[in-house]
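Here is model27.txt, consisting of compact mmCIF, C-alpha atoms:
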# COMPACT_ATOMS: atom_id res chain seq x y z
CA MET A 1 92.18 119.75 102.07
CA HIS A 2 89.43 117.19 101.94
CA PRO A 3 89.31 114.07 99.79
CA ASP A 4 87.35 114.50 96.64
CA LYS A 5 84.13 112.56 96.99
CA SER A 6 82.18 113.78 94.07
CA SER A 7 79.93 110.75 93.94
CA THR A 8 76.81 110.59 95.95
CA THR A 9 76.53 108.48 99.07
CA ALA A 10 74.19 105.61 99.62
CA SER A 11 71.86 107.74 101.70
CA SER A 12 71.81 110.50 99.17
CA GLY A 13 70.95 107.89 96.56
CA ASP A 14 67.99 106.88 98.69
CA SER A 15 66.87 110.50 98.72
CA ASP A 16 67.13 110.59 94.94
CA ALA A 17 65.11 107.40 94.66
CA GLN A 18 62.35 108.91 96.74
CA LEU A 19 62.29 112.09 94.71
CA VAL A 20 62.41 110.26 91.38
CA GLU A 21 59.48 108.13 92.43
CA ARG A 22 57.47 111.21 93.32
CA ALA A 23 58.44 112.97 90.11
CA VAL A 24 57.43 109.96 88.01
CA ALA A 25 54.09 110.03 89.77
CA GLY A 26 53.60 113.60 88.57
CA ASP A 27 55.11 115.69 91.36
CA GLN A 28 57.06 118.30 89.43
CA LYS A 29 58.29 119.94 92.62
CA ALA A 30 60.09 116.74 93.55
CA PHE A 31 61.90 116.92 90.23
CA GLU A 32 62.76 120.57 90.89
CA LEU A 33 64.47 119.56 94.13
CA LEU A 34 66.64 117.23 92.07
CA VAL A 35 67.37 120.10 89.70
CA ILE A 36 68.46 122.33 92.59
CA LYS A 37 70.62 119.53 93.92
CA TYR A 38 72.42 118.70 90.68
CA GLU A 39 72.37 121.94 88.72
CA ARG A 40 75.90 122.92 89.80
CA ARG A 41 77.41 119.60 88.87
CA VAL A 42 75.65 119.44 85.53
CA GLN A 43 76.72 122.95 84.61
CA ARG A 44 80.28 122.28 85.67
CA LEU A 45 80.29 119.12 83.56
CA ILE A 46 78.91 120.88 80.51
CA GLY A 47 81.20 123.83 81.11
CA ARG A 48 84.16 121.55 80.51
CA MET A 49 82.83 120.73 77.06
CA VAL A 50 81.28 123.95 75.80
CA ARG A 51 83.02 127.30 75.63
CA ASP A 52 80.12 129.72 75.69
CA VAL A 53 78.88 130.42 79.22
CA ASP A 54 75.34 131.21 78.07
CA LEU A 55 75.22 128.02 76.07
CA VAL A 56 76.27 126.07 79.17
CA GLU A 57 73.08 127.12 80.88
CA ASP A 58 70.99 126.44 77.79
CA ILE A 59 72.40 122.97 77.47
CA ALA A 60 71.90 122.38 81.17
CA GLN A 61 68.28 123.41 80.78
CA GLU A 62 67.88 121.02 77.87
CA THR A 63 69.53 118.27 79.89
CA PHE A 64 67.01 118.56 82.68
CA ILE A 65 64.11 118.76 80.24
CA ARG A 66 65.27 115.57 78.56
CA ALA A 67 65.72 113.92 81.92
CA TYR A 68 62.21 114.95 82.93
CA ARG A 69 60.76 113.50 79.75
CA ALA A 70 62.68 110.26 80.17
CA LEU A 71 62.15 109.89 83.89
CA ALA A 72 59.52 107.20 83.52
CA GLN A 73 62.07 105.14 81.59
CA PHE A 74 64.67 105.43 84.32
CA ARG A 75 64.96 101.90 85.55
CA GLY A 76 66.84 102.60 88.73
CA ASP A 77 69.61 100.18 87.80
CA ALA A 78 72.13 102.97 88.14
CA GLN A 79 72.53 105.99 90.36
CA PHE A 80 70.32 108.87 89.30
CA TYR A 81 73.28 111.19 88.87
CA THR A 82 75.05 108.66 86.63
CA TRP A 83 71.98 108.58 84.42
CA LEU A 84 71.72 112.38 84.45
CA TYR A 85 75.44 112.66 83.72
CA ARG A 86 75.04 110.60 80.56
CA ILE A 87 72.16 112.74 79.39
CA ALA A 88 74.21 115.90 80.00
CA VAL A 89 77.24 114.57 78.12
CA ASN A 90 75.16 113.39 75.17
CA THR A 91 73.22 116.63 75.03
CA ALA A 92 76.42 118.68 75.01
CA LYS A 93 78.04 116.42 72.42
CA LYS A 94 75.04 116.69 70.14
CA PHE A 95 75.15 120.42 70.43
CA LEU A 96 78.83 120.55 69.54
CA MET A 97 78.27 118.32 66.52
CA ASP A 98 75.41 120.46 65.31
CA LEU A 99 77.51 123.55 65.88
CA LYS A 100 80.18 122.17 63.60
CA ARG A 101 77.70 121.68 60.81
CA ASN A 102 75.82 124.90 61.33
CA PRO A 103 77.18 127.73 63.47
CA THR A 104 73.69 129.13 63.99
CA VAL A 105 72.48 125.90 65.40
CA SER A 106 70.97 126.79 68.76
CA GLU A 107 67.34 126.84 67.71
CA ASN A 108 67.68 123.75 65.53
CA PHE A 109 69.45 121.90 68.28
CA PHE A 110 66.68 122.29 70.78
CA LYS A 111 64.08 121.23 68.25
CA SER A 112 65.92 118.14 67.16
CA ALA A 113 64.97 114.61 68.07
CA ASP A 114 66.15 113.12 71.30
CA ASP A 115 68.26 110.45 69.63
CA ASP A 116 71.77 110.67 70.91
CA GLU A 117 74.59 110.26 68.47
CA THR A 118 77.67 108.40 69.43
CA SER A 119 80.25 109.72 66.97
CA ARG A 120 83.25 111.39 68.43
CA VAL A 121 83.17 115.06 69.10
CA GLU A 122 86.17 117.16 69.81
CA ASN A 123 85.84 118.23 73.39
CA GLU A 124 86.90 121.69 74.27
CA LEU A 125 88.16 122.29 77.69
CA THR A 126 86.69 125.54 78.75
CA SER A 127 86.75 127.86 81.65
CA PRO A 128 83.30 129.37 81.63
CA GLU A 129 83.54 131.10 84.97
CA THR A 130 84.55 134.72 85.00
CA PRO A 131 87.42 135.72 87.27
CA GLU A 132 84.90 137.34 89.57
CA ALA A 133 82.85 134.17 89.79
CA VAL A 134 85.96 132.10 90.45
CA LEU A 135 86.99 134.47 93.22
CA ALA A 136 83.52 134.43 94.73
CA SER A 137 83.47 130.66 94.62
CA LYS A 138 86.81 130.44 96.36
CA GLU A 139 85.64 132.86 99.01
CA ILE A 140 82.54 130.79 99.65
CA ALA A 141 84.59 127.61 99.83
CA GLU A 142 86.94 129.29 102.32
CA MET A 143 83.97 130.48 104.36
CA VAL A 144 82.52 126.97 104.46
CA ASN A 145 85.81 125.56 105.73
CA SER A 146 86.22 128.41 108.20
CA ALA A 147 82.69 127.84 109.48
CA MET A 148 83.46 124.15 109.83
CA ASP A 149 86.50 124.94 111.98
CA ALA A 150 84.37 127.17 114.21
CA LEU A 151 81.77 124.48 114.89
CA PRO A 152 81.61 122.73 118.24
CA GLU A 153 83.46 119.44 118.07
CA GLU A 154 80.40 117.19 118.12
CA LEU A 155 78.70 119.11 115.31
CA ARG A 156 81.85 119.16 113.20
CA GLN A 157 82.36 115.46 113.73
CA ALA A 158 78.77 114.62 112.82
CA ILE A 159 78.74 116.60 109.60
CA THR A 160 82.19 115.32 108.63
CA LEU A 161 81.10 111.73 109.08
CA ARG A 162 78.02 112.41 107.01
CA GLU A 163 79.26 114.61 104.18
CA ILE A 164 82.83 113.42 103.76
CA GLU A 165 82.82 109.86 105.05
CA GLY A 166 79.34 109.13 103.73
CA LEU A 167 78.10 107.29 106.80
CA THR A 168 74.41 106.80 107.47
CA TYR A 169 72.80 108.27 110.56
CA GLU A 170 72.81 104.85 112.14
CA GLU A 171 76.54 104.41 111.50
CA ILE A 172 77.29 107.88 112.83
CA ALA A 173 75.24 107.18 115.94
CA ASP A 174 77.28 104.05 116.46
CA ALA A 175 80.56 105.87 115.89
CA MET A 176 79.67 108.77 118.18
CA ASN A 177 77.86 106.64 120.71
CA CYS A 178 74.72 108.71 120.69
CA PRO A 179 71.09 108.27 119.55
CA ILE A 180 70.18 108.63 115.89
CA GLY A 181 67.97 111.58 116.77
CA THR A 182 70.99 113.35 118.23
CA VAL A 183 72.95 112.69 115.04
CA ARG A 184 70.17 114.14 112.94
CA SER A 185 69.97 117.21 115.15
CA ARG A 186 73.74 117.78 115.15
CA ILE A 187 74.00 117.56 111.39
CA PHE A 188 71.11 119.96 110.98
CA ARG A 189 72.60 122.44 113.44
CA ALA A 190 75.99 122.22 111.72
CA ARG A 191 74.42 122.92 108.35
CA GLU A 192 72.44 125.81 109.75
CA ALA A 193 75.54 127.35 111.31
CA ILE A 194 77.50 127.12 108.06
CA SER A 195 74.51 128.32 106.04
CA LEU A 196 74.24 131.46 108.12
CA LYS A 197 77.86 132.31 107.34
CA ILE A 198 77.65 131.80 103.59
CA LYS A 199 74.16 133.17 102.99
CA PRO A 200 75.27 136.83 102.80
CA MET A 201 77.98 135.88 100.35
CA LEU A 202 75.57 133.95 98.16
CA GLU A 203 73.08 136.77 98.17
CA ASN A 204 75.80 139.28 97.42
CA GLN A 205 77.03 137.19 94.54
CA SER A 206 73.73 136.90 92.77
CA GLY A 207 71.53 139.62 94.13
CA LYS A 208 68.20 138.52 95.46
CA ARG A 209 68.24 134.75 95.32
CA TRP A 210 64.71 133.60 95.89
CA MET B 1 51.23 112.27 114.66
CA LYS B 2 51.68 115.92 113.72
CA THR B 3 49.85 116.92 110.57
CA THR B 4 52.06 119.87 109.72
CA LEU B 5 55.66 120.68 110.36
CA SER B 6 56.61 123.60 112.53
CA ASN B 7 59.25 126.06 111.38
CA ALA B 8 61.66 124.54 113.81
CA ASP B 9 61.04 121.07 112.46
CA VAL B 10 61.04 121.76 108.76
CA GLY B 11 64.70 122.76 108.58
CA ASP B 12 65.63 119.61 110.43
CA CYS B 13 63.49 117.60 108.01
CA ILE B 14 65.09 119.19 104.96
CA SER B 15 68.47 118.30 106.38
CA ALA B 16 67.35 114.71 106.91
CA LEU B 17 65.78 114.60 103.46
CA ALA B 18 69.09 115.64 101.92
CA ASP B 19 70.64 112.62 103.64
CA GLY B 20 67.92 110.22 102.49
CA GLU B 21 66.89 109.65 106.08
CA LEU B 22 63.33 110.84 105.78
CA LEU B 23 60.47 108.44 105.29
CA ASP B 24 56.74 108.22 104.93
CA GLU B 25 54.74 111.01 106.52
CA GLU B 26 57.68 113.26 107.29
CA PHE B 27 58.90 112.93 103.72
CA ALA B 28 55.51 113.84 102.31
CA GLN B 29 55.09 116.80 104.65
CA THR B 30 58.57 118.12 103.95
CA LEU B 31 58.07 117.88 100.24
CA ALA B 32 54.76 119.67 100.53
CA ALA B 33 56.36 122.41 102.62
CA CYS B 34 59.15 122.91 100.06
CA GLU B 35 56.81 123.14 97.13
CA ASN B 36 55.63 126.66 97.72
CA ASP B 37 58.33 128.11 99.91
CA PRO B 38 61.37 129.55 98.13
CA ALA B 39 63.16 130.01 101.44
CA LEU B 40 63.00 126.27 102.06
CA GLN B 41 64.22 125.59 98.57
CA ALA B 42 67.11 127.94 99.32
CA ARG B 43 67.87 125.87 102.40
CA TRP B 44 67.87 122.69 100.29
CA HIS B 45 70.24 124.40 97.86
CA ASP B 46 72.59 125.63 100.59
CA TYR B 47 72.76 122.27 102.35
CA HIS B 48 73.82 120.57 99.14
CA LEU B 49 76.25 123.36 98.35
CA ILE B 50 77.91 122.86 101.73
CA GLY B 51 78.24 119.14 101.09
CA ASP B 52 79.63 119.70 97.59
CA VAL B 53 82.22 122.16 98.86
CA LEU B 54 83.29 119.88 101.72
CA ARG B 55 83.71 116.93 99.36
CA SER B 56 85.23 118.80 96.48
CA PRO B 57 86.46 122.32 97.07
CA ASP B 58 86.95 122.86 93.36
CA LEU B 59 83.25 122.37 92.68
CA LEU B 60 82.81 125.98 91.82
CA VAL B 61 79.66 127.80 92.65
CA THR B 62 77.80 128.88 89.57
CA ARG B 63 75.36 131.69 89.38
CA SER B 64 72.30 131.59 91.54
CA THR B 65 69.96 128.66 91.02
CA SER B 66 66.88 130.84 91.19
CA PRO B 67 66.87 132.22 87.64
CA PHE B 68 67.85 128.83 86.27
CA LEU B 69 65.04 127.13 88.11
CA MET B 70 62.47 129.73 87.15
CA ARG B 71 63.39 129.33 83.51
CA LEU B 72 63.20 125.56 83.80
CA GLN B 73 59.85 125.76 85.56
CA ASN B 74 58.45 127.70 82.60
CA ARG B 75 59.64 125.00 80.24
CA LEU B 76 58.42 122.17 82.47
CA ALA B 77 55.00 123.80 82.55
CA GLN B 78 54.78 123.18 78.81
CA GLU B 79 55.76 119.54 79.11
CA VAL B 80 52.97 117.00 78.98
CA VAL B 81 54.16 113.92 80.79
CA GLN B 82 51.87 111.08 81.73
CA PRO B 83 52.34 110.38 85.43
CA VAL B 84 53.24 106.81 86.19
CA ALA B 85 51.80 105.05 89.21
CA PRO B 86 54.37 105.00 91.98
CA THR B 87 56.46 101.89 92.00
CA GLU B 88 59.45 101.23 94.10
CA VAL B 89 62.50 102.75 92.47
CA SER B 90 65.45 101.39 94.25
CA LEU B 91 68.84 102.78 93.43
CA PRO B 92 71.81 100.57 94.03
CA MET B 93 73.64 101.16 97.19
CA GLN B 94 76.72 103.24 96.81
CA VAL B 95 79.88 101.39 97.68
CA ALA B 96 81.21 102.62 100.95
CA ALA B 97 84.80 103.65 101.35
CA ASN B 98 85.58 100.63 103.46
CA ASP B 99 83.61 98.22 101.37
CA SER B 100 86.62 96.20 100.19
CA ILE B 101 87.69 95.64 103.76
CA PHE B 102 84.15 94.70 104.69
CA ARG B 103 83.99 92.28 101.76
CA TRP B 104 87.09 90.47 102.92
CA LYS B 105 85.72 90.26 106.41
CA MET B 106 82.48 88.90 105.00
CA VAL B 107 84.35 86.27 102.97
CA ALA B 108 86.39 85.26 105.97
CA GLY B 109 83.27 85.14 108.11
CA VAL B 110 81.35 83.05 105.61
CA ALA B 111 84.29 80.70 105.19
CA SER B 112 84.55 80.28 108.94
CA MET B 113 80.85 79.64 109.24
CA ALA B 114 80.96 77.13 106.42
CA ALA B 115 83.80 75.30 108.10
CA VAL B 116 81.90 75.25 111.37
CA ALA B 117 78.79 74.02 109.55
CA VAL B 118 80.75 71.16 108.04
CA MET B 119 82.15 70.24 111.40
CA VAL B 120 78.71 70.30 112.98
CA TRP B 121 77.32 68.21 110.15
CA MET B 122 80.15 65.77 110.59
CA LEU B 123 79.28 65.46 114.21
CA ALA B 124 75.63 64.90 113.42
CA VAL B 125 76.24 62.05 110.96
CA PRO B 126 75.98 58.72 112.80
CA THR B 127 78.93 57.16 111.01
CA ALA B 128 81.17 59.92 112.16
CA LEU B 129 82.51 60.37 115.60
CA THR B 130 80.04 61.98 117.95
CA GLY B 131 80.80 65.19 119.72
CA PRO B 132 81.65 63.59 123.04
CA GLN B 133 83.69 60.99 121.26
CA ILE B 134 85.59 63.65 119.41
CA ALA B 135 86.02 65.63 122.57
CA GLN B 136 87.25 62.60 124.42
CA SER B 137 89.36 61.21 121.70
CA PRO B 138 92.98 62.03 122.24
CA ALA B 139 94.46 64.56 119.96
CA THR B 140 96.02 62.68 117.15
CA THR B 141 99.58 63.27 116.39
CA ASP B 142 99.64 61.21 113.25
CA SER B 143 100.06 64.09 110.90
CA MET B 144 102.75 63.99 108.28
CA LEU B 145 104.29 65.98 105.56
CA VAL B 146 103.17 65.02 102.09
CA ASP B 147 104.72 66.26 98.92
CA SER B 148 102.04 67.53 96.54
CA PRO B 149 101.99 69.60 93.39
CA GLN B 150 101.19 72.55 95.60
CA GLY B 151 104.21 71.91 97.76
CA LEU B 152 104.73 70.14 101.03
CA MET B 153 101.47 69.77 102.88
CA VAL B 154 100.62 68.70 106.35
CA ARG B 155 98.21 65.79 106.25
CA ASP B 156 96.21 65.16 109.34
CA ALA B 157 94.56 61.77 109.63
CA ARG B 158 91.43 63.13 111.17
CA LEU B 159 91.10 65.73 108.48
CA ASP B 160 91.49 63.07 105.82
CA GLU B 161 88.82 60.98 107.53
CA MET B 162 86.37 63.87 107.47
CA LEU B 163 87.09 64.68 103.89
CA ALA B 164 86.70 61.06 102.83
CA ALA B 165 83.36 60.84 104.62
CA HIS B 166 82.11 63.93 102.85
CA LYS B 167 83.51 63.81 99.37
CA GLN B 168 80.70 65.90 98.09
CA VAL B 169 81.67 68.75 100.36
CA GLY B 170 85.34 68.20 99.91
CA GLY B 171 85.03 68.17 96.16
CA ASN B 172 87.87 65.70 95.73
CA SER B 173 89.23 62.63 97.33
CA ALA B 174 91.09 63.04 100.53
CA LEU B 175 94.31 62.35 98.78
CA GLN B 176 93.89 65.36 96.53
CA MET B 177 93.31 69.00 97.28
CA PRO B 178 90.54 69.58 99.75
CA SER B 179 87.91 72.23 99.31
CA GLY B 180 89.17 75.74 99.15
CA PHE B 181 87.51 76.79 102.35
CA LEU B 182 89.43 74.27 104.37
CA ARG B 183 92.88 75.54 104.98
CA ASN B 184 95.90 73.51 104.16
CA ALA B 185 98.98 73.86 106.13
CA THR B 186 101.77 74.11 103.69
CA PHE B 187 105.38 74.54 104.27
CA GLU B 188 107.39 76.57 101.88
CA THR B 189 110.73 74.93 101.72
CA SER B 190 113.73 76.08 99.91
CA SER B 191 114.64 74.22 96.82
CA ASP B 192 117.77 73.08 98.58
CA ALA B 193 115.80 71.38 101.30
CA ARG B 194 113.74 69.51 98.80
CA ARG B 195 116.67 67.92 97.13
Whole structure given in structure tokens:
Amino acid sequence: MHPDKSSTTASSGDSDAQLVERAVAGDQKAFELLVIKYERRVQRLIGRMVRDVDLVEDIAQETFIRAYRALAQFRGDAQFYTWLYRIAVNTAKKFLMDLKRNPTVSENFFKSADDDETSRVENELTSPETPEAVLASKEIAEMVNSAMDALPEELRQAITLREIEGLTYEEIADAMNCPIGTVRSRIFRAREAISLKIKPMLENQSGKRW
Amino acid sequence: MKTTLSNADVGDCISALADGELLDEEFAQTLAACENDPALQARWHDYHLIGDVLRSPDLLVTRSTSPFLMRLQNRLAQEVVQPVAPTEVSLPMQVAANDSIFRWKMVAGVASMAAVAVMVWMLAVPTALTGPQIAQSPATTDSMLVDSPQGLMVRDARLDEMLAAHKQVGGNSALQMPSGFLRNATFETSSDARR
């Protein structure tokens, strides 16, 4: 329905740079915002390598811990998510290797050194989501698209240009022939409208969220 | 400048922060507001979820972030990390979807500007024809077809004169290939015609 743009946009990268800088300076909450932002992608990535659903979350936790420890070494010569992606892959691979040697490896794995090994590991394509979770995800995706269709034209256009086309506010303002402040407001209002539609579904899926 | 964000403003700021469009004071205030407000963190989560779904519908929603984050917070609390003084961390710009087109336009633009610069320099050099002289000089018609390794080429006397006067720019003598940014008119002829 929409082109797959799984990579972050330039503007989103700027947001990451700001948050990384704050996190390096000791602001743990800034790092937590990055965690919230990338947790889904990291878990999906790990889920394609590791069969056990519970282990997916454990490995994701370890990934973010390792990233937090190494944040000061992040040189900014690559996108933050690319760097995080590599940590996630290496963490999962190390776990799989340790699992091969010792089936009861979980505790040892998390206590091991942070050196990443490069030897090949047999990847296991997995489907960690339960049928219920898959169904819920599809329903939420459908609701997002339905909410998009219900938006006023200018809001839909603004959020499409931002989220799908990856334009900056300035570029969107130019394309829509309106002030940057108007672009910012339209995108916010579009997100709020869609959020209101999916919030009950998200809360229903996981109980009390926050 | 406002010292705190109102409820109406903070959602707008979180939206702008997600797009990397928040700077300075607003950025600091928004971050501070998010730190202790789970509802704002939920907003941050939902905005990114919406973007992920729009870009990739098969990015499946996992279980709620809240338990994951709480567990991670407990582990982070045990981490002892030396804060580093803020330095500018600049992430490379993501390539835009139309970047290849833009690159070609840039190349064409630079080439055009370089050609114009050469022409202007030519006009400024005393040994060359001055602007009015060039403007007044009749258009030369003494161009001819020259057979070259690259095929038949149109040789214009004025062009050759400019190239000869600026060998350094041209890179070669006027009788050989001129610089790449100066176009050659070439005629593709059939092999029959060449015989």
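Note that atom CA of Tyr47 of chain B and atom CA of Val24 of chain A are 24.3 Å apart.
Near segment 27-33 of chain B, within a cut-off of 7 Å and counting all atoms listed in the file, sit the residues Thr4, Leu5, Val10, Cys13, Ile14 and Leu22 of chain B, with same-chain residues fewer than 5 positions away left out.
A straight line drawn from atom CA of Ala60 of chain A to atom CA of Val42 of chain A is 6.5 Å long.
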inquiry  = Neighbouring residues of Trp83 of chain A were defined as those with any atom within 12 Å, considering all atoms listed in the file; residues of the same chain fewer than 6 positions away were excluded. Please report them as a PyMOL selection string.
reply    = (chain A and resi 16+20+38+42+63-64+66-68+70-71+73-77+89-90) or (chain B and resi 91)
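Proximity ranking of A:Val144, A:Pro131, A:Arg69, A:Glu171 relative to Gln28 of chain A places A:Arg69 first, based on only C-alpha atoms.
Atom pair atom CA of Ala158 of chain A / atom CA of Ala18 of chain B has a distance of 14.6 Å (rounded to one decimal).
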All residues 7 Å or closer to segment 187-195 of chain A, all atoms listed in the file, same chain fewer than 4 positions away omitted, as JSON, numbers by chain = {"A": [144, 147, 148, 151, 155, 156, 158, 159, 183, 199], "B": [12, 15, 46, 47]}
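The list of residues within 8 Å of (67.5, 112.8, 113.8), counted using all atoms listed in the file, is Tyr169, Ile180, Gly181, Thr182, Val183, Arg184 and Ser185 of chain A; Asp12 and Ala16 of chain B.
Checking B:Gly20, B:Pro38, B:Gly109, B:Pro67 one by one against Ala17 of chain A, counting only C-alpha atoms, you find the shortest gap at B:Gly20.
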key: Counting only C-alpha atoms, the residue of A:Ser146, A:Thr82, A:Thr168, A:Gln157 that sits nearest chain B   = A:Thr168
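Counting all atoms listed in the file and comparing B:Leu49, B:Gly11, B:Cys34, B:Asp19, the residue that lies closest to Ala30 of chain A is B:Cys34.
With all atoms listed in the file as the atoms that count, the residue of B:Val80, B:Ala108, B:Ala117, B:Ala124 with the shortest distance to chain A is B:Val80.
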Using all atoms listed in the file: which of A:Leu99, A:Ile87, A:Cys178, A:Leu135 has the shortest distance to chain B = A:Leu135
Excluding Val35 of chain A and residues on its chain fewer than 4 positions from it, collect all residues at most 12 Å away from it, counting all atoms listed in the file, and give them as an mmCIF file with C-alpha atoms, in the frame of the given file.
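Listing of part21.cif after writing:
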data_model
loop_
_atom_site.group_PDB
_atom_site.id
_atom_site.type_symbol
_atom_site.label_atom_id
_atom_site.label_comp_id
_atom_site.auth_asym_id
_atom_site.auth_seq_id
_atom_site.Cartn_x
_atom_site.Cartn_y
_atom_site.Cartn_z
ATOM 1 C CA ASP A 16 67.130 110.590 94.940
ATOM 2 C CA LEU A 19 62.290 112.090 94.710
ATOM 3 C CA VAL A 20 62.410 110.260 91.380
ATOM 4 C CA ALA A 23 58.440 112.970 90.110
ATOM 5 C CA GLN A 28 57.060 118.300 89.430
ATOM 6 C CA LYS A 29 58.290 119.940 92.620
ATOM 7 C CA ALA A 30 60.090 116.740 93.550
ATOM 8 C CA PHE A 31 61.900 116.920 90.230
ATOM 9 C CA GLU A 39 72.370 121.940 88.720
ATOM 10 C CA ARG A 40 75.900 122.920 89.800
ATOM 11 C CA ARG A 41 77.410 119.600 88.870
ATOM 12 C CA VAL A 42 75.650 119.440 85.530
ATOM 13 C CA GLN A 43 76.720 122.950 84.610
ATOM 14 C CA ALA A 60 71.900 122.380 81.170
ATOM 15 C CA GLN A 61 68.280 123.410 80.780
ATOM 16 C CA GLU A 62 67.880 121.020 77.870
ATOM 17 C CA THR A 63 69.530 118.270 79.890
ATOM 18 C CA PHE A 64 67.010 118.560 82.680
ATOM 19 C CA ILE A 65 64.110 118.760 80.240
ATOM 20 C CA ALA A 67 65.720 113.920 81.920
ATOM 21 C CA TYR A 68 62.210 114.950 82.930
ATOM 22 C CA PHE A 80 70.320 108.870 89.300
ATOM 23 C CA TYR A 81 73.280 111.190 88.870
ATOM 24 C CA LEU A 84 71.720 112.380 84.450
ATOM 25 C CA GLN B 41 64.220 125.590 98.570
ATOM 26 C CA TRP B 44 67.870 122.690 100.290
ATOM 27 C CA HIS B 45 70.240 124.400 97.860
ATOM 28 C CA HIS B 48 73.820 120.570 99.140
ATOM 29 C CA THR B 65 69.960 128.660 91.020
ATOM 30 C CA SER B 66 66.880 130.840 91.190
ATOM 31 C CA PHE B 68 67.850 128.830 86.270
ATOM 32 C CA LEU B 69 65.040 127.130 88.110
ATOM 33 C CA MET B 70 62.470 129.730 87.150
ATOM 34 C CA ARG B 71 63.390 129.330 83.510
ATOM 35 C CA LEU B 72 63.200 125.560 83.800
ATOM 36 C CA GLN B 73 59.850 125.760 85.560
ATOM 37 C CA LEU B 76 58.420 122.170 82.470
#
